[in-house]
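Structure data (PDB, C-alpha atoms and all ligand atoms) from work_35.pdb:
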```pdb
ATOM      1  CA  MET A   1      14.421 -25.636   5.558  1.00  0.00           C
ATOM      2  CA  LYS A   2      14.233 -22.325   3.680  1.00  0.00           C
ATOM      3  CA  LEU A   3      10.576 -22.935   2.894  1.00  0.00           C
ATOM      4  CA  ILE A   4       9.841 -23.445   6.592  1.00  0.00           C
ATOM      5  CA  HIS A   5      11.439 -20.055   7.301  1.00  0.00           C
ATOM      6  CA  LEU A   6       9.324 -18.460   4.584  1.00  0.00           C
ATOM      7  CA  HIS A   7       6.200 -20.015   6.031  1.00  0.00           C
ATOM      8  CA  ILE A   8       7.057 -18.561   9.454  1.00  0.00           C
ATOM      9  CA  LEU A   9       7.690 -15.160   7.851  1.00  0.00           C
ATOM     10  CA  VAL A  10       4.360 -15.203   5.998  1.00  0.00           C
ATOM     11  CA  THR A  11       2.505 -16.390   9.097  1.00  0.00           C
ATOM     12  CA  CYS A  12       4.084 -13.658  11.239  1.00  0.00           C
ATOM     13  CA  MET A  13       3.026 -11.069   8.690  1.00  0.00           C
ATOM     14  CA  ILE A  14      -0.606 -12.095   8.770  1.00  0.00           C
ATOM     15  CA  GLU A  15      -1.187 -12.958  12.418  1.00  0.00           C
ATOM     16  CA  ASN A  16      -2.861 -10.089  14.272  1.00  0.00           C
ATOM     17  CA  ILE A  17      -3.380  -8.183  11.066  1.00  0.00           C
ATOM     18  CA  ASP A  18      -6.180  -6.200  12.693  1.00  0.00           C
ATOM     19  CA  SER A  19      -3.824  -4.919  15.382  1.00  0.00           C
ATOM     20  CA  LEU A  20      -1.168  -4.221  12.720  1.00  0.00           C
ATOM     21  CA  PHE A  21      -3.604  -1.944  10.866  1.00  0.00           C
ATOM     22  CA  LYS A  22      -4.282  -0.208  14.175  1.00  0.00           C
ATOM     23  CA  GLN A  23      -0.612   0.884  14.212  1.00  0.00           C
ATOM     24  CA  ILE A  24      -1.641   3.399  11.541  1.00  0.00           C
ATOM     25  CA  SER A  25      -2.674   6.299  13.767  1.00  0.00           C
ATOM     26  CA  LEU A  26      -6.320   7.245  13.404  1.00  0.00           C
ATOM     27  CA  GLY A  27      -8.724   9.158  15.603  1.00  0.00           C
ATOM     28  CA  VAL A  28     -12.316   8.254  16.345  1.00  0.00           C
ATOM     29  CA  TYR A  29     -15.142  10.429  15.038  1.00  0.00           C
ATOM     30  CA  VAL A  30     -18.915  10.573  15.004  1.00  0.00           C
ATOM     31  CA  ILE A  31     -20.031  11.429  11.493  1.00  0.00           C
ATOM     32  CA  GLY A  32     -23.358  13.306  11.510  1.00  0.00           C
ATOM     33  CA  VAL A  33     -25.436  12.949   8.324  1.00  0.00           C
ATOM     34  CA  SER A  34     -28.755  14.295   7.132  1.00  0.00           C
ATOM     35  CA  ASP A  35     -30.914  14.245   4.003  1.00  0.00           C
ATOM     36  CA  GLY A  36     -32.762  17.352   5.205  1.00  0.00           C
ATOM     37  CA  GLU A  37     -35.509  15.358   6.932  1.00  0.00           C
ATOM     38  CA  ARG A  38     -33.811  12.378   8.520  1.00  0.00           C
ATOM     39  CA  HIS A  39     -30.698  12.646  10.703  1.00  0.00           C
ATOM     40  CA  ASN A  40     -28.291   9.949  11.790  1.00  0.00           C
ATOM     41  CA  ALA A  41     -24.723   9.502  12.967  1.00  0.00           C
ATOM     42  CA  PHE A  42     -22.142   6.720  12.881  1.00  0.00           C
ATOM     43  CA  THR A  43     -18.665   6.156  14.278  1.00  0.00           C
ATOM     44  CA  ALA A  44     -15.749   6.313  11.838  1.00  0.00           C
ATOM     45  CA  ALA A  45     -12.008   5.972  12.276  1.00  0.00           C
ATOM     46  CA  CYS A  46     -11.062   6.164   8.607  1.00  0.00           C
ATOM     47  CA  VAL A  47     -11.044   9.949   8.338  1.00  0.00           C
ATOM     48  CA  MET A  48      -8.154  12.144   7.254  1.00  0.00           C
ATOM     49  CA  GLN A  49      -7.346  15.622   6.018  1.00  0.00           C
ATOM     50  CA  VAL A  50      -6.436  15.382   2.313  1.00  0.00           C
ATOM     51  CA  SER A  51      -6.037  19.036   1.245  1.00  0.00           C
ATOM     52  CA  PHE A  52      -5.204  22.378   2.872  1.00  0.00           C
ATOM     53  CA  ASN A  53      -6.570  24.654   0.163  1.00  0.00           C
ATOM     54  CA  PRO A  54      -9.418  24.056  -0.155  1.00  0.00           C
ATOM     55  CA  PRO A  55      -9.674  22.284   3.218  1.00  0.00           C
ATOM     56  CA  LEU A  56     -10.806  18.735   2.402  1.00  0.00           C
ATOM     57  CA  LEU A  57     -11.456  15.745   4.639  1.00  0.00           C
ATOM     58  CA  ALA A  58     -11.818  12.205   3.291  1.00  0.00           C
ATOM     59  CA  ILE A  59     -14.189   9.789   5.015  1.00  0.00           C
ATOM     60  CA  SER A  60     -14.199   6.110   4.160  1.00  0.00           C
ATOM     61  CA  ILE A  61     -17.737   4.757   4.475  1.00  0.00           C
ATOM     62  CA  ASN A  62     -19.237   1.342   3.929  1.00  0.00           C
ATOM     63  CA  PRO A  63     -22.002   1.894   1.334  1.00  0.00           C
ATOM     64  CA  GLU A  64     -24.171  -0.642   3.156  1.00  0.00           C
ATOM     65  CA  HIS A  65     -24.556   1.688   6.139  1.00  0.00           C
ATOM     66  CA  TYR A  66     -27.927   3.380   6.580  1.00  0.00           C
ATOM     67  CA  SER A  67     -25.919   6.598   7.050  1.00  0.00           C
ATOM     68  CA  TYR A  68     -24.576   6.279   3.501  1.00  0.00           C
ATOM     69  CA  GLN A  69     -28.104   6.675   2.087  1.00  0.00           C
ATOM     70  CA  LEU A  70     -28.511   9.928   4.020  1.00  0.00           C
ATOM     71  CA  LEU A  71     -25.033  11.132   3.065  1.00  0.00           C
ATOM     72  CA  LYS A  72     -25.704  10.465  -0.627  1.00  0.00           C
ATOM     73  CA  ALA A  73     -29.123  12.123  -0.501  1.00  0.00           C
ATOM     74  CA  GLY A  74     -28.123  15.188   1.564  1.00  0.00           C
ATOM     75  CA  GLY A  75     -24.524  15.721   0.416  1.00  0.00           C
ATOM     76  CA  ILE A  76     -23.588  17.114   3.843  1.00  0.00           C
ATOM     77  CA  CYS A  77     -22.004  15.804   7.022  1.00  0.00           C
ATOM     78  CA  THR A  78     -20.168  16.737  10.184  1.00  0.00           C
ATOM     79  CA  VAL A  79     -17.018  15.152  11.564  1.00  0.00           C
ATOM     80  CA  ASN A  80     -17.236  15.254  15.370  1.00  0.00           C
ATOM     81  CA  VAL A  81     -14.003  14.491  17.233  1.00  0.00           C
ATOM     82  CA  LEU A  82     -14.354  12.173  20.241  1.00  0.00           C
ATOM     83  CA  SER A  83     -12.215  12.512  23.363  1.00  0.00           C
ATOM     84  CA  LEU A  84     -10.310   9.856  25.304  1.00  0.00           C
ATOM     85  CA  ASP A  85     -13.167   9.335  27.759  1.00  0.00           C
ATOM     86  CA  GLN A  86     -15.840   8.971  25.043  1.00  0.00           C
ATOM     87  CA  SER A  87     -15.322   5.373  23.949  1.00  0.00           C
ATOM     88  CA  ALA A  88     -18.876   4.552  25.097  1.00  0.00           C
ATOM     89  CA  ILE A  89     -20.129   7.143  22.579  1.00  0.00           C
ATOM     90  CA  ALA A  90     -17.952   5.538  19.880  1.00  0.00           C
ATOM     91  CA  GLU A  91     -19.518   2.181  20.692  1.00  0.00           C
ATOM     92  CA  HIS A  92     -23.041   3.609  20.706  1.00  0.00           C
ATOM     93  CA  PHE A  93     -22.737   5.225  17.261  1.00  0.00           C
ATOM     94  CA  GLY A  94     -20.801   2.216  15.999  1.00  0.00           C
ATOM     95  CA  SER A  95     -24.006   0.191  16.185  1.00  0.00           C
ATOM     96  CA  SER A  96     -26.848   0.241  13.680  1.00  0.00           C
ATOM     97  CA  ALA A  97     -29.514   0.706  16.359  1.00  0.00           C
ATOM     98  CA  LYS A  98     -32.534   2.870  15.496  1.00  0.00           C
ATOM     99  CA  ASP A  99     -32.817   6.382  16.892  1.00  0.00           C
ATOM    100  CA  LYS A 100     -29.153   6.509  17.950  1.00  0.00           C
ATOM    101  CA  MET A 101     -29.222  10.268  18.332  1.00  0.00           C
ATOM    102  CA  ALA A 102     -31.905  10.276  21.027  1.00  0.00           C
ATOM    103  CA  GLY A 103     -30.572  11.310  24.438  1.00  0.00           C
ATOM    104  CA  PHE A 104     -27.676  13.324  22.976  1.00  0.00           C
ATOM    105  CA  GLN A 105     -27.518  17.073  22.550  1.00  0.00           C
ATOM    106  CA  TRP A 106     -27.268  18.131  18.884  1.00  0.00           C
ATOM    107  CA  GLN A 107     -27.375  21.376  16.981  1.00  0.00           C
ATOM    108  CA  LYS A 108     -27.623  21.991  13.247  1.00  0.00           C
ATOM    109  CA  GLY A 109     -24.472  23.222  11.537  1.00  0.00           C
ATOM    110  CA  THR A 110     -24.342  25.747   8.715  1.00  0.00           C
ATOM    111  CA  THR A 111     -24.930  22.940   6.232  1.00  0.00           C
ATOM    112  CA  GLY A 112     -27.799  21.471   8.275  1.00  0.00           C
ATOM    113  CA  ALA A 113     -25.819  18.396   9.334  1.00  0.00           C
ATOM    114  CA  PRO A 114     -25.968  17.511  13.052  1.00  0.00           C
ATOM    115  CA  ILE A 115     -23.178  18.621  15.413  1.00  0.00           C
ATOM    116  CA  LEU A 116     -22.634  16.575  18.588  1.00  0.00           C
ATOM    117  CA  SER A 117     -22.403  19.189  21.365  1.00  0.00           C
ATOM    118  CA  GLU A 118     -20.175  17.107  23.654  1.00  0.00           C
ATOM    119  CA  SER A 119     -17.490  16.426  21.013  1.00  0.00           C
ATOM    120  CA  LEU A 120     -14.033  18.020  21.268  1.00  0.00           C
ATOM    121  CA  ALA A 121     -14.423  19.795  17.934  1.00  0.00           C
ATOM    122  CA  TYR A 122     -16.492  19.567  14.777  1.00  0.00           C
ATOM    123  CA  PHE A 123     -16.026  20.096  11.056  1.00  0.00           C
ATOM    124  CA  ASP A 124     -19.146  20.951   9.077  1.00  0.00           C
ATOM    125  CA  CYS A 125     -18.797  19.702   5.508  1.00  0.00           C
ATOM    126  CA  GLN A 126     -20.290  19.521   2.045  1.00  0.00           C
ATOM    127  CA  VAL A 127     -19.501  16.391   0.033  1.00  0.00           C
ATOM    128  CA  SER A 128     -17.372  17.310  -2.969  1.00  0.00           C
ATOM    129  CA  HIS A 129     -17.194  13.876  -4.646  1.00  0.00           C
ATOM    130  CA  TYR A 130     -16.944  10.134  -4.048  1.00  0.00           C
ATOM    131  CA  THR A 131     -14.252   7.654  -4.994  1.00  0.00           C
ATOM    132  CA  ASP A 132     -14.552   3.861  -4.996  1.00  0.00           C
ATOM    133  CA  ALA A 133     -12.182   2.181  -2.558  1.00  0.00           C
ATOM    134  CA  GLY A 134     -12.652  -1.596  -2.465  1.00  0.00           C
ATOM    135  CA  ASP A 135     -15.601  -2.427  -0.241  1.00  0.00           C
ATOM    136  CA  HIS A 136     -15.899   1.239   0.863  1.00  0.00           C
ATOM    137  CA  LYS A 137     -16.587   4.608  -0.751  1.00  0.00           C
ATOM    138  CA  ILE A 138     -14.424   7.596   0.029  1.00  0.00           C
ATOM    139  CA  ALA A 139     -16.418  10.777   0.479  1.00  0.00           C
ATOM    140  CA  VAL A 140     -14.167  13.780  -0.134  1.00  0.00           C
ATOM    141  CA  CYS A 141     -15.710  16.619   1.853  1.00  0.00           C
ATOM    142  CA  LYS A 142     -15.112  20.368   1.792  1.00  0.00           C
ATOM    143  CA  VAL A 143     -14.972  21.948   5.265  1.00  0.00           C
ATOM    144  CA  ILE A 144     -17.415  24.865   5.423  1.00  0.00           C
ATOM    145  CA  ALA A 145     -17.153  25.597   9.149  1.00  0.00           C
ATOM    146  CA  ALA A 146     -15.310  24.200  12.157  1.00  0.00           C
ATOM    147  CA  ALA A 147     -14.954  24.960  15.854  1.00  0.00           C
ATOM    148  CA  ARG A 148     -13.496  23.668  19.098  1.00  0.00           C
ATOM    149  CA  LEU A 149     -16.298  22.795  21.521  1.00  0.00           C
ATOM    150  CA  ASN A 150     -14.635  21.213  24.551  1.00  0.00           C
ATOM    151  CA  GLU A 151     -11.205  20.646  26.077  1.00  0.00           C
ATOM    152  CA  GLY A 152      -9.558  17.236  26.115  1.00  0.00           C
ATOM    153  CA  CYS A 153      -7.373  14.782  24.195  1.00  0.00           C
ATOM    154  CA  PRO A 154      -8.658  12.891  21.154  1.00  0.00           C
ATOM    155  CA  LEU A 155      -9.548   9.202  21.376  1.00  0.00           C
ATOM    156  CA  LEU A 156      -7.376   7.000  19.152  1.00  0.00           C
ATOM    157  CA  TYR A 157      -8.630   4.093  17.082  1.00  0.00           C
ATOM    158  CA  ASN A 158      -6.094   1.696  18.589  1.00  0.00           C
ATOM    159  CA  GLN A 159      -7.602   2.447  22.010  1.00  0.00           C
ATOM    160  CA  THR A 160     -10.965   1.004  20.925  1.00  0.00           C
ATOM    161  CA  GLY A 161      -9.828  -2.652  20.845  1.00  0.00           C
ATOM    162  CA  ASP A 162     -12.057  -4.693  18.540  1.00  0.00           C
ATOM    163  CA  MET A 163     -15.094  -2.449  19.096  1.00  0.00           C
ATOM    164  CA  ASP A 164     -15.753  -2.276  15.338  1.00  0.00           C
ATOM    165  CA  GLY A 165     -15.422  -6.056  14.927  1.00  0.00           C
ATOM    166  CA  SER A 166     -12.771  -5.499  12.253  1.00  0.00           C
ATOM    167  CA  SER A 167     -10.809  -8.638  13.238  1.00  0.00           C
ATOM    168  CA  GLU A 168     -13.661 -10.599  11.556  1.00  0.00           C
ATOM    169  CA  LEU A 169     -13.360  -8.537   8.382  1.00  0.00           C
ATOM    170  CA  TYR A 170      -9.756  -9.630   7.858  1.00  0.00           C
ATOM    171  CA  LYS A 171     -10.554 -13.350   8.016  1.00  0.00           C
ATOM    172  CA  ASN A 172     -11.008 -13.842   4.244  1.00  0.00           C
ATOM    173  CA  LEU A 173      -7.888 -11.837   3.597  1.00  0.00           C
ATOM    174  CA  VAL A 174      -5.865 -14.013   5.967  1.00  0.00           C
ATOM    175  CA  ASP A 175      -7.207 -17.207   4.343  1.00  0.00           C
ATOM    176  CA  GLN A 176      -6.306 -15.772   0.956  1.00  0.00           C
ATOM    177  CA  ILE A 177      -2.745 -15.004   2.094  1.00  0.00           C
ATOM    178  CA  ARG A 178      -2.316 -18.446   3.635  1.00  0.00           C
ATOM    179  CA  GLY A 179      -3.446 -20.033   0.372  1.00  0.00           C
ATOM    180  CA  GLU A 180      -2.784 -23.732   0.197  1.00  0.00           C
ATOM    181  CA  GLY A 181       0.437 -23.737   2.091  1.00  0.00           C
ATOM    182  CA  CYS A 182       3.723 -21.955   1.874  1.00  0.00           C
ATOM    183  CA  CYS A 183       4.326 -21.680  -1.898  1.00  0.00           C
ATOM    184  CA  GLY A 184       0.638 -21.536  -2.800  1.00  0.00           C
ATOM    185  CA  GLY A 185       0.461 -18.641  -0.349  1.00  0.00           C
ATOM    186  CA  MET A 186       2.788 -16.538  -2.487  1.00  0.00           C
ATOM    187  CA  THR A 187      -0.006 -15.548  -4.871  1.00  0.00           C
ATOM    188  CA  GLY A 188      -2.143 -14.642  -1.887  1.00  0.00           C
ATOM    189  CA  LEU A 189       0.720 -12.688  -0.356  1.00  0.00           C
ATOM    190  CA  LYS A 190       1.070 -10.688  -3.558  1.00  0.00           C
ATOM    191  CA  ASP A 191      -2.685 -10.045  -3.629  1.00  0.00           C
ATOM    192  CA  PHE A 192      -2.499  -8.919  -0.032  1.00  0.00           C
ATOM    193  CA  PHE A 193       0.070  -6.228  -0.815  1.00  0.00           C
ATOM    194  CA  TYR A 194      -2.075  -5.075  -3.715  1.00  0.00           C
ATOM    195  CA  VAL A 195      -5.167  -4.978  -1.500  1.00  0.00           C
ATOM    196  CA  ILE A 196      -3.435  -2.734   1.020  1.00  0.00           C
ATOM    197  CA  GLY A 197      -2.308  -0.500  -1.867  1.00  0.00           C
ATOM    198  CA  ALA A 198       1.368  -1.416  -1.684  1.00  0.00           C
ATOM    199  CA  ALA A 199       1.950  -2.748  -5.206  1.00  0.00           C
ATOM    200  CA  ASP A 200       5.586  -1.529  -5.288  1.00  0.00           C
ATOM    201  CA  LEU A 201       6.214  -3.228  -1.975  1.00  0.00           C
ATOM    202  CA  ALA A 202       4.684  -6.439  -3.358  1.00  0.00           C
ATOM    203  CA  GLU A 203       7.180  -6.496  -6.216  1.00  0.00           C
ATOM    204  CA  THR A 204      10.120  -5.742  -3.913  1.00  0.00           C
ATOM    205  CA  VAL A 205       9.147  -8.309  -1.307  1.00  0.00           C
ATOM    206  CA  LEU A 206       8.539 -11.019  -3.875  1.00  0.00           C
ATOM    207  CA  VAL A 207      11.880 -10.378  -5.607  1.00  0.00           C
ATOM    208  CA  VAL A 208      13.715 -10.437  -2.248  1.00  0.00           C
ATOM    209  CA  LEU A 209      11.935 -13.634  -1.205  1.00  0.00           C
ATOM    210  CA  ALA A 210      12.585 -15.261  -4.566  1.00  0.00           C
ATOM    211  CA  ASN A 211      16.317 -14.484  -4.331  1.00  0.00           C
ATOM    212  CA  GLU A 212      16.595 -15.368  -0.672  1.00  0.00           C
ATOM    213  CA  PHE A 213      14.665 -18.599  -0.825  1.00  0.00           C
ATOM    214  CA  ALA A 214      15.317 -19.640  -4.419  1.00  0.00           C
ATOM    215  CA  LEU A 215      11.595 -19.919  -5.120  1.00  0.00           C
TER     216      LEU A 215
HETATM  217  C1  LIG B 301     -14.243   2.442  16.424  1.00  0.00           C
HETATM  218  C2  LIG B 301     -15.073   2.270  15.181  1.00  0.00           C
HETATM  219  C3  LIG B 301     -14.603   2.748  13.957  1.00  0.00           C
HETATM  220  C4  LIG B 301     -15.389   2.621  12.795  1.00  0.00           C
HETATM  221  N1  LIG B 301     -14.916   3.142  11.620  1.00  0.00           N
HETATM  222  C5  LIG B 301     -15.710   3.099  10.511  1.00  0.00           C
HETATM  223  C6  LIG B 301     -15.282   3.750   9.318  1.00  0.00           C
HETATM  224  O1  LIG B 301     -14.216   4.379   9.238  1.00  0.00           O
HETATM  225  N2  LIG B 301     -16.112   3.676   8.229  1.00  0.00           N
HETATM  226  C7  LIG B 301     -17.297   3.013   8.262  1.00  0.00           C
HETATM  227  O2  LIG B 301     -18.003   2.975   7.233  1.00  0.00           O
HETATM  228  N3  LIG B 301     -17.733   2.394   9.390  1.00  0.00           N
HETATM  229  C8  LIG B 301     -16.963   2.446  10.514  1.00  0.00           C
HETATM  230  N4  LIG B 301     -17.401   1.863  11.676  1.00  0.00           N
HETATM  231  C9  LIG B 301     -18.632   1.064  11.651  1.00  0.00           C
HETATM  232  C10 LIG B 301     -19.902   1.913  11.765  1.00  0.00           C
HETATM  233  O3  LIG B 301     -19.826   2.875  12.780  1.00  0.00           O
HETATM  234  C11 LIG B 301     -21.089   0.981  12.064  1.00  0.00           C
HETATM  235  O4  LIG B 301     -21.192  -0.003  11.048  1.00  0.00           O
HETATM  236  C12 LIG B 301     -22.414   1.666  12.233  1.00  0.00           C
HETATM  237  O5  LIG B 301     -23.356   0.690  12.633  1.00  0.00           O
HETATM  238  C13 LIG B 301     -22.975   2.347  10.977  1.00  0.00           C
HETATM  239  O6  LIG B 301     -24.103   3.075  11.390  1.00  0.00           O
HETATM  240  P1  LIG B 301     -25.484   3.146  10.568  1.00  0.00           P
HETATM  241  O7  LIG B 301     -25.881   1.712  10.273  1.00  0.00           O
HETATM  242  O8  LIG B 301     -26.456   3.813  11.525  1.00  0.00           O
HETATM  243  O9  LIG B 301     -25.229   3.934   9.360  1.00  0.00           O
HETATM  244  C14 LIG B 301     -16.648   1.980  12.856  1.00  0.00           C
HETATM  245  C15 LIG B 301     -17.132   1.509  14.096  1.00  0.00           C
HETATM  246  C16 LIG B 301     -16.356   1.657  15.240  1.00  0.00           C
HETATM  247  C17 LIG B 301     -16.893   1.157  16.554  1.00  0.00           C
END
```

I'd like the structure from this file rewritten - as structure tokens, please.
Ligand SMILES: Cc1cc2nc3c(=O)[nH]c(=O)nc-3n(C[C@H](O)[C@H](O)[C@H](O)COP(=O)(O)O)c2cc1C
Amino acid sequence: MKLIHLHILVTCMIENIDSLFKQISLGVYVIGVSDGERHNAFTAACVMQVSFNPPLLAISINPEHYSYQLLKAGGICTVNVLSLDQSAIAEHFGSSAKDKMAGFQWQKGTTGAPILSESLAYFDCQVSHYTDAGDHKIAVCKVIAAARLNEGCPLLYNQTGDMDGSSELYKNLVDQIRGEGCCGGMTGLKDFFYVIGAADLAETVLVVLANEFAL
């Protein structure tokens, strides 16, 4: 009986994991990159301010993106803030189509990275360093210049539905957590907490579950 309860608990925790991650508030940005000759831009939600002095932004980027090559080569980028009514722009730059910047108005920032004229605001940055983060790299970027360009409210990641196809990306994780059933799933559950960077939580949850369910 207790094991059935545990199974329900584990299942509840992993169903809709993509929408659970969207409860962590994130905006939606177009990241402009350039190697000096080639320019490109891609949509990113995993962007946050990580220092006030110096002003640093962290951008989590999949190293398989074409944009990553340009970012690595040029060491510069812009973070362009999208507004509530710009989800079509998020979708456009969230694809890997060629020549994505055509048809949009751009200007070069101080660093040379492209600024999207219709964004709410931009941050013009130089990459300070990279950190490995699972299947992504985190580019820590120093803000060199920034300005408000237009009025409006920022678009939020949880307003983009499954535009980035992230529900697919969680599938292996969910299988791992499910394991081979309720008790087999415990190892997967522990791994899951480690994957999301909550090692302390993993220990606490497993101790509580072990006591509660006499596992
Ligand atoms: C709403 C949304 C958020 C996204 N967030 C990120 C992100 O934070 N980091 C990332 O590397 N890719 C993110 N992507 C995926 C890239 O935008 C997408 O893979 C794009 O095709 C990469 O462009 P590129 O191939 O021209 O470099 C996101 C896509 C969407 C639609």

#### Entry: Residues within 10 Å of A:Ala139, all atoms listed in the file, excluding chain neighbours under 2 positions, as an MDAnalysis selection string
chainID A and resid 47 56:61 68 71:72 75 77 126:132 136:137 141:142

### Query
Which protein, DNA or RNA residues are at most 7 Å from (-14.1, 21.5, 23.0) in the file's coordinates when you count all atoms listed in the file, listed as a count of residues only?
8

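Between atom CA of A:Thr110 and atom CA of A:Cys153 the interatomic distance comes to 25.5 Å.
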
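Our summary of the geometry notes that atom CA of A:Ala45 is positioned 5.7 Å from atom CA of A:Gly27.
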
Taking every listed atom of stretch 110-124 of chain A and adding 6 Å to each side, what centre and edge lengths in Å (one decimal) does the axis-aligned box have, as lines of an AutoDock Vina configuration file?
```
center_x = -20.9
center_y = 21.1
center_z = 14.9
size_x = 25.8
size_y = 21.3
size_z = 29.4
```

### Task
Write out as a list in words which residues come within 10 Å of stretch 98-103 of chain A when counting only C-alpha atoms, dropping same-chain ones fewer than 2 positions away.
Gly32, His39, Asn40, Ala41, Phe42, His92, Phe93, Gly94, Ser95, Ser96, Gln105, Trp106, Pro114 and Leu116 of chain A

### Message
What's the separation between atom CA of A:Ala133 and atom CA of A:Ser83, in Å to one decimal place?
### Response
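Computing it gives 27.9 Å between the two atoms.
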
### Query
So, counting all atoms listed in the file, which residue among A:Met163, A:Ala147, A:Ile138, A:Leu169 is closest to ligand LIG 301 (chain B)?
A:Met163

Could you add the missing atoms to stretch 148-168 of chain A, up to N, CA and C atoms, and return them as a PDB file, in the frame of the given file?
```pdb
ATOM      1  N   ARG A 148     -13.829  24.449  17.905  1.00  0.00           N
ATOM      2  CA  ARG A 148     -13.496  23.668  19.098  1.00  0.00           C
ATOM      3  C   ARG A 148     -14.670  23.815  20.051  1.00  0.00           C
ATOM      4  N   LEU A 149     -15.146  22.712  20.613  1.00  0.00           N
ATOM      5  CA  LEU A 149     -16.298  22.795  21.521  1.00  0.00           C
ATOM      6  C   LEU A 149     -15.925  22.517  22.973  1.00  0.00           C
ATOM      7  N   ASN A 150     -14.996  21.605  23.184  1.00  0.00           N
ATOM      8  CA  ASN A 150     -14.635  21.213  24.551  1.00  0.00           C
ATOM      9  C   ASN A 150     -13.138  20.932  24.632  1.00  0.00           C
ATOM     10  N   GLU A 151     -12.623  20.942  25.859  1.00  0.00           N
ATOM     11  CA  GLU A 151     -11.205  20.646  26.077  1.00  0.00           C
ATOM     12  C   GLU A 151     -11.012  19.151  26.256  1.00  0.00           C
ATOM     13  N   GLY A 152      -9.865  18.650  25.892  1.00  0.00           N
ATOM     14  CA  GLY A 152      -9.558  17.236  26.115  1.00  0.00           C
ATOM     15  C   GLY A 152      -8.614  16.718  25.055  1.00  0.00           C
ATOM     16  N   CYS A 153      -8.256  15.427  25.178  1.00  0.00           N
ATOM     17  CA  CYS A 153      -7.373  14.782  24.195  1.00  0.00           C
ATOM     18  C   CYS A 153      -8.193  13.840  23.326  1.00  0.00           C
ATOM     19  N   PRO A 154      -7.878  13.761  22.043  1.00  0.00           N
ATOM     20  CA  PRO A 154      -8.658  12.891  21.154  1.00  0.00           C
ATOM     21  C   PRO A 154      -8.487  11.400  21.459  1.00  0.00           C
ATOM     22  N   LEU A 155      -9.566  10.667  21.278  1.00  0.00           N
ATOM     23  CA  LEU A 155      -9.548   9.202  21.376  1.00  0.00           C
ATOM     24  C   LEU A 155      -8.856   8.663  20.131  1.00  0.00           C
ATOM     25  N   LEU A 156      -8.042   7.616  20.302  1.00  0.00           N
ATOM     26  CA  LEU A 156      -7.376   7.000  19.152  1.00  0.00           C
ATOM     27  C   LEU A 156      -8.018   5.654  18.834  1.00  0.00           C
ATOM     28  N   TYR A 157      -8.011   5.336  17.550  1.00  0.00           N
ATOM     29  CA  TYR A 157      -8.630   4.093  17.082  1.00  0.00           C
ATOM     30  C   TYR A 157      -8.037   2.874  17.783  1.00  0.00           C
ATOM     31  N   ASN A 158      -6.697   2.891  17.982  1.00  0.00           N
ATOM     32  CA  ASN A 158      -6.094   1.696  18.589  1.00  0.00           C
ATOM     33  C   ASN A 158      -6.409   1.575  20.078  1.00  0.00           C
ATOM     34  N   GLN A 159      -7.147   2.556  20.613  1.00  0.00           N
ATOM     35  CA  GLN A 159      -7.602   2.447  22.010  1.00  0.00           C
ATOM     36  C   GLN A 159      -9.010   1.856  22.083  1.00  0.00           C
ATOM     37  N   THR A 160      -9.580   1.516  20.913  1.00  0.00           N
ATOM     38  CA  THR A 160     -10.965   1.004  20.925  1.00  0.00           C
ATOM     39  C   THR A 160     -11.018  -0.524  20.850  1.00  0.00           C
ATOM     40  N   GLY A 161      -9.854  -1.180  20.893  1.00  0.00           N
ATOM     41  CA  GLY A 161      -9.828  -2.652  20.845  1.00  0.00           C
ATOM     42  C   GLY A 161     -10.504  -3.146  19.576  1.00  0.00           C
ATOM     43  N   ASP A 162     -11.361  -4.155  19.726  1.00  0.00           N
ATOM     44  CA  ASP A 162     -12.057  -4.693  18.540  1.00  0.00           C
ATOM     45  C   ASP A 162     -13.516  -4.228  18.524  1.00  0.00           C
ATOM     46  N   MET A 163     -13.735  -2.999  18.998  1.00  0.00           N
ATOM     47  CA  MET A 163     -15.094  -2.449  19.096  1.00  0.00           C
ATOM     48  C   MET A 163     -15.832  -2.499  17.752  1.00  0.00           C
ATOM     49  N   ASP A 164     -15.103  -2.287  16.660  1.00  0.00           N
ATOM     50  CA  ASP A 164     -15.753  -2.276  15.338  1.00  0.00           C
ATOM     51  C   ASP A 164     -15.842  -3.672  14.718  1.00  0.00           C
ATOM     52  N   GLY A 165     -15.346  -4.679  15.434  1.00  0.00           N
ATOM     53  CA  GLY A 165     -15.422  -6.056  14.927  1.00  0.00           C
ATOM     54  C   GLY A 165     -14.561  -6.266  13.698  1.00  0.00           C
ATOM     55  N   SER A 166     -13.538  -5.418  13.503  1.00  0.00           N
ATOM     56  CA  SER A 166     -12.771  -5.499  12.253  1.00  0.00           C
ATOM     57  C   SER A 166     -11.929  -6.767  12.167  1.00  0.00           C
ATOM     58  N   SER A 167     -11.617  -7.407  13.308  1.00  0.00           N
ATOM     59  CA  SER A 167     -10.809  -8.638  13.238  1.00  0.00           C
ATOM     60  C   SER A 167     -11.517  -9.671  12.351  1.00  0.00           C
ATOM     61  N   GLU A 168     -12.862  -9.686  12.395  1.00  0.00           N
ATOM     62  CA  GLU A 168     -13.661 -10.599  11.556  1.00  0.00           C
ATOM     63  C   GLU A 168     -13.473 -10.280  10.079  1.00  0.00           C
TER      64      GLU A 168
END
```
